[in-house]
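A.B. asks: My questions all concern the structure below.
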Amino acid sequence: MDFSQRLKTLTEGAKYDVACTSSGLTRKGKRGAVGSAEACGICHSFTADGRCISLLKMLINNYCEYDCQYCVNRRSSDIPRASMQPHEVADITMQFYRRNYIEGLFLSSAVIKSPDYTMEMLIKALALLRGEYRFNGYIHVKAIPGADTALIQRLGQLADRMSVNIELPSEKSLSVLAPDKSKAGILSPMKYVREGIIQAKEEATRFRNAAPFVPAGQSTQLIVGATPEADSKIVHLAQGLYKGYGLRRVFYSAYIPVGNDALLPAAPGTPAFDTGTGLTNTAFGPILMREHRLYQADWLLRFYGFSAGELFKTEEENLSLHLDPKCHWALRNLEQFPVEVNTADYRMLLRVPGIGQISAERIVKARRVNRLDFTHLKKMGIVLKRARYFVTCNGKMAEKISFHPESIELRLTDNRSVGPYSQLTLSDVAHA
């Protein structure tokens, strides 16, 4: 292949890695260096001055020694293969950056020869960028499970964010679909990165020129729908990763068939995805909605004070496709509602559907000087089409609203309809 063909192949191979997130750190430009990093800079987002912020996402090679059945780059996959040398990765990154195509780099790799060899290739590419090219922009890199800790340490000193993909929700699923990987092999580098981040922060408080280590933190990715684990299992796992490994983000990636293995769900249009609705062309809708609901549940864990146990009644439960997780929780806990906006504490306001962090802060601040009514709430940006069923202002519900559980659920389901998928259930996907 010529260079452009190799670049196309390797960027295509990286598209299933989710990395569209805020960079998580601010690093100013400095004399003699190229680039900077902003905490708000993310894939396909925009800065205040209107510039598009994006990452170049690519693999350094897609010749993989592993045969993970859900992966397009697996050993048995019949796809074009390509690789780049570290200096080619560094050179194309700088060319794209100088043309203002990108603001940073997301670099990953299939496992070629061994985890250590692959990590050495990644380190060489990043060392060229940081050293010879003096690139001061954002870099997100995927660490390879099973690599020597000395290599993880070196890679962490060159990158801003590091990921170790856990891929599947259980060790049993890994053993079936990714026999070359193990839960222990994935969690071990996660633990090392967590400890390295803590140590680097401690050294930074004591030494002015302490070496950074993954300053934007670590993240991971979970594939949703390739195996039959329920959403409860996935959300509890995410909660454990946040608490135990200090992750910044858990990404959820809806499984898109890349092969015909009997161990995996069938492709759209086959009986496994046929729900009797005739929506052959929109068969990915339920799994994409499931991914969306998991992100919403994840947000509740990280910013709204919810625990995974509050969102589910049983270990085998899935999130509703019809209602977002906060609305679903509120309907299950109606004894805690309605909430009086003029007296409720900040924590309880966060649990009201339609009230977010900024809105809750506005309510707490505004009610210090005035009694609030529904007109005030609307001006504050509260989503009243949901919140009005769960709040009172000065002891009164919104006009023409009565506090009856069945009526509230029906109205919320109508307001939060998922379009053509409203007649589908998660069992159509989760047990495929």
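By convention in this document, the chains of the structure tokens carry letters A, B, ... by their order, each chain's residues are numbered from 1, and ligands are numbered from 1 in the order they are shown.
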Can you check which residues of range 22-242 of chain A DSSP gives as strand (DSSP E) on the backbone and send them as a list in words?

C.D. replies: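 Result set for range 22-242 of chain A (strand (DSSP E)): Ser45, Phe46, Cys52, Ile53, Leu55, Leu56, Lys57, Met58, Leu59, Gly104, Leu105, Phe106, Leu107, Ser108, Tyr138, Ile139, His140, Val141, Lys142, Arg161, Met162, Ser163, Gln218, Ser219, Thr220, Gln221, Leu222, Ile223 and Val224 of chain A.
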
A.B. asks: Quick one: residues within 10 Å of Val250 in chain A, only C-alpha atoms counted, chain neighbours fewer than 5 positions away excluded, as a PyMOL selection string?

C.D. replies: chain A and resi 18+163+165-166+218-222+235+237-239+241-242+295+298

A.B. asks: One number please: CA of Tyr117 in chain A to CA of Tyr66 in chain A, in Å, one decimal.

C.D. replies: 14.2 Å

A.B. asks: Please provide as a PDB file with N, CA and C atoms, in the first residue's frame all residues within 12 Å of His328 in chain A, with the sequence filter that same-chain residues fewer than 6 positions apart are discarded (counting only C-alpha atoms).

C.D. replies:
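Final output, saved to selection_0.pdb:
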```
ATOM      1  N   ARG A 293     -28.777   5.093  27.244  1.00  0.00           N
ATOM      2  CA  ARG A 293     -29.262   4.977  28.618  1.00  0.00           C
ATOM      3  C   ARG A 293     -28.116   4.670  29.591  1.00  0.00           C
ATOM      4  N   GLN A 296     -26.409   7.832  30.379  1.00  0.00           N
ATOM      5  CA  GLN A 296     -27.202   8.623  31.311  1.00  0.00           C
ATOM      6  C   GLN A 296     -27.052   8.094  32.737  1.00  0.00           C
ATOM      7  N   ALA A 297     -27.086   6.772  32.899  1.00  0.00           N
ATOM      8  CA  ALA A 297     -26.898   6.173  34.219  1.00  0.00           C
ATOM      9  C   ALA A 297     -25.507   6.476  34.753  1.00  0.00           C
ATOM     10  N   GLU A 310     -29.258   1.878  43.584  1.00  0.00           N
ATOM     11  CA  GLU A 310     -30.499   2.650  43.562  1.00  0.00           C
ATOM     12  C   GLU A 310     -31.202   2.586  42.205  1.00  0.00           C
ATOM     13  N   LEU A 311     -30.448   2.341  41.152  1.00  0.00           N
ATOM     14  CA  LEU A 311     -31.010   2.382  39.805  1.00  0.00           C
ATOM     15  C   LEU A 311     -31.638   1.064  39.374  1.00  0.00           C
ATOM     16  N   PHE A 312     -31.357  -0.015  40.124  1.00  0.00           N
ATOM     17  CA  PHE A 312     -31.852  -1.339  39.743  1.00  0.00           C
ATOM     18  C   PHE A 312     -32.445  -2.058  40.939  1.00  0.00           C
ATOM     19  N   LYS A 313     -33.479  -2.854  40.682  1.00  0.00           N
ATOM     20  CA  LYS A 313     -34.072  -3.670  41.737  1.00  0.00           C
ATOM     21  C   LYS A 313     -33.419  -5.040  41.817  1.00  0.00           C
ATOM     22  N   ASN A 318     -32.497  -4.503  33.304  1.00  0.00           N
ATOM     23  CA  ASN A 318     -31.993  -3.586  32.283  1.00  0.00           C
ATOM     24  C   ASN A 318     -32.649  -2.227  32.428  1.00  0.00           C
ATOM     25  N   LEU A 319     -31.995  -1.217  31.933  1.00  0.00           N
ATOM     26  CA  LEU A 319     -32.551   0.129  31.946  1.00  0.00           C
ATOM     27  C   LEU A 319     -33.718   0.225  30.968  1.00  0.00           C
ATOM     28  N   SER A 320     -34.651   1.095  31.277  1.00  0.00           N
ATOM     29  CA  SER A 320     -35.807   1.279  30.411  1.00  0.00           C
ATOM     30  C   SER A 320     -35.411   2.007  29.131  1.00  0.00           C
ATOM     31  N   LEU A 321     -35.961   1.534  28.020  1.00  0.00           N
ATOM     32  CA  LEU A 321     -35.767   2.254  26.765  1.00  0.00           C
ATOM     33  C   LEU A 321     -36.716   3.443  26.653  1.00  0.00           C
ATOM     34  N   HIS A 322     -37.809   3.403  27.408  1.00  0.00           N
ATOM     35  CA  HIS A 322     -38.842   4.431  27.294  1.00  0.00           C
ATOM     36  C   HIS A 322     -38.525   5.664  28.136  1.00  0.00           C
ATOM     37  N   LEU A 334     -41.744   7.355  44.440  1.00  0.00           N
ATOM     38  CA  LEU A 334     -42.662   8.483  44.507  1.00  0.00           C
ATOM     39  C   LEU A 334     -42.945   8.943  45.936  1.00  0.00           C
ATOM     40  N   ARG A 351     -32.011  15.138  42.314  1.00  0.00           N
ATOM     41  CA  ARG A 351     -32.703  13.887  42.012  1.00  0.00           C
ATOM     42  C   ARG A 351     -34.043  14.106  41.323  1.00  0.00           C
ATOM     43  N   VAL A 352     -34.402  15.336  41.126  1.00  0.00           N
ATOM     44  CA  VAL A 352     -35.665  15.646  40.439  1.00  0.00           C
ATOM     45  C   VAL A 352     -35.444  15.588  38.929  1.00  0.00           C
ATOM     46  N   PRO A 353     -36.212  14.763  38.205  1.00  0.00           N
ATOM     47  CA  PRO A 353     -36.089  14.748  36.738  1.00  0.00           C
ATOM     48  C   PRO A 353     -36.290  16.149  36.161  1.00  0.00           C
ATOM     49  N   ARG A 386     -40.692  17.613  32.457  1.00  0.00           N
ATOM     50  CA  ARG A 386     -40.462  16.485  33.357  1.00  0.00           C
ATOM     51  C   ARG A 386     -40.554  16.907  34.818  1.00  0.00           C
ATOM     52  N   PRO A 405     -49.376   8.276  40.260  1.00  0.00           N
ATOM     53  CA  PRO A 405     -48.261   7.549  39.627  1.00  0.00           C
ATOM     54  C   PRO A 405     -48.536   7.079  38.206  1.00  0.00           C
ATOM     55  N   ILE A 408     -48.589   9.997  35.779  1.00  0.00           N
ATOM     56  CA  ILE A 408     -47.253  10.566  35.588  1.00  0.00           C
ATOM     57  C   ILE A 408     -46.436   9.703  34.642  1.00  0.00           C
ATOM     58  N   GLU A 409     -46.467   8.386  34.861  1.00  0.00           N
ATOM     59  CA  GLU A 409     -45.669   7.491  34.013  1.00  0.00           C
ATOM     60  C   GLU A 409     -46.132   7.555  32.573  1.00  0.00           C
ATOM     61  N   LEU A 410     -47.443   7.592  32.369  1.00  0.00           N
ATOM     62  CA  LEU A 410     -47.964   7.660  31.003  1.00  0.00           C
ATOM     63  C   LEU A 410     -47.532   8.944  30.315  1.00  0.00           C
ATOM     64  N   LEU A 412     -44.937  10.896  31.074  1.00  0.00           N
ATOM     65  CA  LEU A 412     -43.486  10.921  30.870  1.00  0.00           C
ATOM     66  C   LEU A 412     -43.087  10.012  29.714  1.00  0.00           C
ATOM     67  N   THR A 413     -43.748   8.878  29.595  1.00  0.00           N
ATOM     68  CA  THR A 413     -43.448   7.973  28.486  1.00  0.00           C
ATOM     69  C   THR A 413     -43.777   8.627  27.160  1.00  0.00           C
ATOM     70  N   ARG A 416     -41.094  11.249  26.581  1.00  0.00           N
ATOM     71  CA  ARG A 416     -39.759  10.707  26.370  1.00  0.00           C
ATOM     72  C   ARG A 416     -39.784   9.551  25.382  1.00  0.00           C
TER      73      ARG A 416
END
```

A.B. asks: Just checking: using only C-alpha atoms, which residue out of A:Tyr138, A:Phe213, A:Tyr255, A:Phe96 ends up closest to Pro228 in chain A?

C.D. replies: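 Going through A:Tyr138, A:Phe213, A:Tyr255, A:Phe96 one by one, the smallest distance to Pro228 in chain A is for A:Tyr255.
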
A.B. asks: Please measure the separation of CA of His292 in chain A and CA of Val224 in chain A, giving the value in Å to one decimal.

C.D. replies: 10.7 Å

A.B. asks: Could you list, as a count of residues only, every residue within 9 Å of Ile363 in chain A, counting only C-alpha atoms and ignoring same-chain residues fewer than 3 positions away?

C.D. replies: 13

A.B. asks: Skip Phe374 in chain A itself and residues of its chain fewer than 3 positions away, then list as a ChimeraX atom specification all residues within 8 Å of it, counting only C-alpha atoms.

C.D. replies: /A:377-378,393,398
